[in-house]
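Undergrad: Next up is a structure, given as structure tokens.
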Amino acid sequence: MTPPVEPDAASRDRWGGTRPRRVRAGGGRGVPLPLLVPALLGLAFLVVPLVALLVRAPWRGMPGQLTSPEVWQALQLSLLCATAATAVSLVVGVPLAWLLARVEFRGCGLVRALVTLPLVLPPVVGGVALLSALGRNGIVGTWLDSWFGVTLPFTTAGVVVAEAFVAMPFLVISVEGTLRAADPRFEEAATTLGASRFTAFRRVTLPLIAPGVAAGAVLAWARALGEFGATITFAGNFPGRTQTMPLAVYLALQSDPEAAIALSLVLLAVSIAVLAGLRDRWMTAG
């Protein structure tokens, strides 16, 4: 009898191999027109506004606009608050992601839905919710004010809280997905050798999921940097204290559209840098 022949790479691709087969635009059959036309329209819809931003940018006067004290103040505050919000998200978000990925409990689906709710919740509604909870007359803010003298609304700390509220779900989703992909047997083996659950998480699981944690932290930082609605609702728009870059863009758009475009380009550059840093995680090569 003739021994079975191992199919080559082309055959594996053709009959359901590990790599999905892709249609080349220059191939014989090409791309179906009913798919190509709306795809190009969707691409134009997403790209043309960004190109228009670059075309209308005041390149000659941009150095002077970007070096003004107000812009640097808003930029420094944005970087500081986004970094602090990311740190808060890491401290409480990584354990929350581990709980959702590793522990089965009643109501787990509801908890997961509540965690991801800020992703779809209008940011202004999030700001109103934060005021209802952490404002001076809020259900938690009243106790913070009377017991500790802590007031969060319309302060820099309020900016950090608002940004962490909208950015943490990005971190939790990324870390939870990484935890579910990681093999839990390594953690179980560490516990059978005498390590506590926390030690196994710190010494075994955390190094395994470090790329996912880093990717989630970058996404959370970028989301916090661009937050507008919850920030202006919960923390206000006070220059030097709560006015971040998105708020500065909104304020400049009312009086100096060229300055608003210049500030928008700064945030666009940051977004492109984030995408470039995450290209190995969720972008595929040709």
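Chain labels run A, B, ... following the order of the structure tokens; each chain numbers its residues from 1, and ligands are numbered from 1 in the order shown.
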From a DSSP calculation on the backbone, collect every residue of range 26-107 of chain A in helix (DSSP H, G or I) and output the set as a PyMOL selection string.

TA: chain A and resi 33-55+62-66+69-102

Undergrad: Report as an MDAnalysis selection string all protein, DNA and RNA residues lying within 12 Å of Thr156 in chain A, evaluated on only C-alpha atoms, omitting residues in the same chain fewer than 5 positions from it.

TA: chainID A and resid 74 77:78 80:82 84:85 151 161:163 231:232 234:244

Undergrad: Keeping only N, CA, C and O atoms, take the residues you just selected and write them out as a compact mmCIF listing (two decimals), in the first residue's frame.

TA:
```txt
# COMPACT_ATOMS: atom_id res chain seq x y z
N ALA A 74 -2.18 72.32 29.43
CA ALA A 74 -3.19 71.30 29.17
C ALA A 74 -2.56 69.96 28.81
O ALA A 74 -3.03 68.90 29.22
N LEU A 77 -1.08 68.36 31.99
CA LEU A 77 -2.16 67.85 32.83
C LEU A 77 -2.76 66.59 32.23
O LEU A 77 -3.08 65.64 32.96
N SER A 78 -2.91 66.55 30.91
CA SER A 78 -3.46 65.38 30.24
C SER A 78 -2.56 64.16 30.45
O SER A 78 -3.04 63.06 30.77
N LEU A 80 -0.32 63.67 32.80
CA LEU A 80 -0.29 63.29 34.22
C LEU A 80 -1.56 62.53 34.61
O LEU A 80 -1.50 61.47 35.24
N CYS A 81 -2.71 63.07 34.24
CA CYS A 81 -3.97 62.45 34.64
C CYS A 81 -4.17 61.10 33.94
O CYS A 81 -4.67 60.15 34.55
N ALA A 82 -3.81 61.02 32.65
CA ALA A 82 -3.96 59.75 31.93
C ALA A 82 -3.06 58.67 32.54
O ALA A 82 -3.47 57.51 32.67
N ALA A 84 -1.97 58.60 35.70
CA ALA A 84 -2.52 58.25 37.01
C ALA A 84 -3.77 57.38 36.87
O ALA A 84 -3.95 56.42 37.63
N ALA A 85 -4.63 57.68 35.89
CA ALA A 85 -5.82 56.86 35.66
C ALA A 85 -5.45 55.45 35.23
O ALA A 85 -6.09 54.47 35.64
N THR A 151 -12.97 66.04 48.55
CA THR A 151 -13.92 66.48 47.54
C THR A 151 -13.32 66.21 46.17
O THR A 151 -12.26 66.74 45.84
N VAL A 161 -10.31 60.30 38.28
CA VAL A 161 -11.42 59.38 38.53
C VAL A 161 -12.28 59.23 37.28
O VAL A 161 -12.66 58.11 36.90
N ALA A 162 -12.60 60.33 36.62
CA ALA A 162 -13.43 60.26 35.42
C ALA A 162 -12.74 59.48 34.31
O ALA A 162 -13.37 58.67 33.61
N GLU A 163 -11.45 59.71 34.13
CA GLU A 163 -10.72 58.99 33.09
C GLU A 163 -10.58 57.52 33.41
O GLU A 163 -10.67 56.66 32.52
N THR A 231 -15.21 63.87 31.81
CA THR A 231 -14.31 64.82 32.47
C THR A 231 -14.96 66.18 32.65
O THR A 231 -14.92 66.77 33.73
N ILE A 232 -15.55 66.70 31.58
CA ILE A 232 -16.14 68.04 31.67
C ILE A 232 -17.37 68.04 32.56
O ILE A 232 -17.71 69.06 33.17
N PHE A 234 -17.90 65.88 35.26
CA PHE A 234 -17.56 65.60 36.65
C PHE A 234 -16.49 66.54 37.21
O PHE A 234 -16.54 66.89 38.39
N ALA A 235 -15.54 66.95 36.35
CA ALA A 235 -14.42 67.77 36.84
C ALA A 235 -14.43 69.20 36.33
O ALA A 235 -13.66 70.02 36.83
N GLY A 236 -15.26 69.51 35.34
CA GLY A 236 -15.31 70.88 34.85
C GLY A 236 -14.18 71.18 33.88
O GLY A 236 -13.45 70.30 33.43
N ASN A 237 -14.04 72.47 33.56
CA ASN A 237 -13.06 72.92 32.57
C ASN A 237 -12.32 74.14 33.12
O ASN A 237 -12.52 75.26 32.67
N PHE A 238 -11.46 73.89 34.09
CA PHE A 238 -10.70 74.98 34.72
C PHE A 238 -9.25 74.90 34.26
O PHE A 238 -8.56 73.90 34.53
N PRO A 239 -8.75 75.94 33.58
CA PRO A 239 -7.37 75.91 33.08
C PRO A 239 -6.38 75.70 34.22
O PRO A 239 -6.46 76.31 35.28
N GLY A 240 -5.44 74.78 33.97
CA GLY A 240 -4.40 74.49 34.95
C GLY A 240 -4.81 73.51 36.03
O GLY A 240 -3.95 73.00 36.76
N ARG A 241 -6.10 73.21 36.13
CA ARG A 241 -6.57 72.30 37.17
C ARG A 241 -7.33 71.11 36.60
O ARG A 241 -7.08 69.97 36.99
N THR A 242 -8.24 71.34 35.68
CA THR A 242 -9.01 70.24 35.11
C THR A 242 -9.08 70.30 33.58
O THR A 242 -9.71 69.42 32.98
N GLN A 243 -8.50 71.32 32.96
CA GLN A 243 -8.61 71.46 31.51
C GLN A 243 -7.55 70.58 30.83
O GLN A 243 -6.38 70.91 30.78
N THR A 244 -7.99 69.45 30.30
CA THR A 244 -7.11 68.55 29.58
C THR A 244 -7.10 68.92 28.09
O THR A 244 -7.79 69.85 27.67
```

Undergrad: For Thr178 in chain A, work out the shell of residues within 7 Å, counting only C-alpha atoms and skipping chain neighbours fewer than 4 positions away, then give it as a count of residues only.

TA: 4

Undergrad: With range 255-260 of chain A as the partner and 10 Å as the cut-off, tabulate the residues of range 45-118 of chain A that qualify, each row holding the nearest pair of atoms and their distance in Å to one decimal, using only C-alpha atoms, sorted by chain and rising number, as JSON lines.

TA:
```
{"residue": "A:Arg56", "atom": "CA", "partner": "A:Glu258", "partner_atom": "CA", "distance": 8.2}
{"residue": "A:Ala57", "atom": "CA", "partner": "A:Glu258", "partner_atom": "CA", "distance": 6.9}
{"residue": "A:Pro58", "atom": "CA", "partner": "A:Glu258", "partner_atom": "CA", "distance": 6.2}
{"residue": "A:Trp59", "atom": "CA", "partner": "A:Glu258", "partner_atom": "CA", "distance": 9.6}
{"residue": "A:Gly61", "atom": "CA", "partner": "A:Glu258", "partner_atom": "CA", "distance": 8.8}
{"residue": "A:Met62", "atom": "CA", "partner": "A:Ala259", "partner_atom": "CA", "distance": 7.8}
{"residue": "A:Gly64", "atom": "CA", "partner": "A:Ala259", "partner_atom": "CA", "distance": 9.8}
{"residue": "A:Gln65", "atom": "CA", "partner": "A:Ala259", "partner_atom": "CA", "distance": 6.4}
{"residue": "A:Leu66", "atom": "CA", "partner": "A:Ala259", "partner_atom": "CA", "distance": 8.2}
{"residue": "A:Val71", "atom": "CA", "partner": "A:Ala259", "partner_atom": "CA", "distance": 9.5}
```

Undergrad: I'd like the contact shell of Ser132 in chain A - 12 Å cut-off, only C-alpha atoms, skipping same-chain residues fewer than 4 positions apart - returned as a list in words.

TA: Val125, Gly126, Gly127, Val128, Arg136, Asn137, Gly138, Ile139, Val140, Gly141, Thr142, Leu152, Pro153, Thr233 and Phe234 of chain A

Undergrad: Check the smallest atom-to-atom distance from each of A:Leu100, A:Leu206, A:Leu90, A:Leu110 to Phe170 in chain A using only C-alpha atoms, then report the winner.

TA: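 Counting only C-alpha atoms, the residue closest to Phe170 in chain A is A:Leu90.
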
Undergrad: What gap, in Å, lies between CA of Val120 in chain A and CA of Leu219 in chain A?

TA: 15.9 Å

Undergrad: Within 9 Å of Val274 in chain A, counting only C-alpha atoms, which residues show up once you throw out same-chain ones fewer than 5 positions away? Write them as a list in words, please.

TA: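 The contact residues come out as Val218, Leu219, Ala222, Ala269 and Arg279 of chain A.
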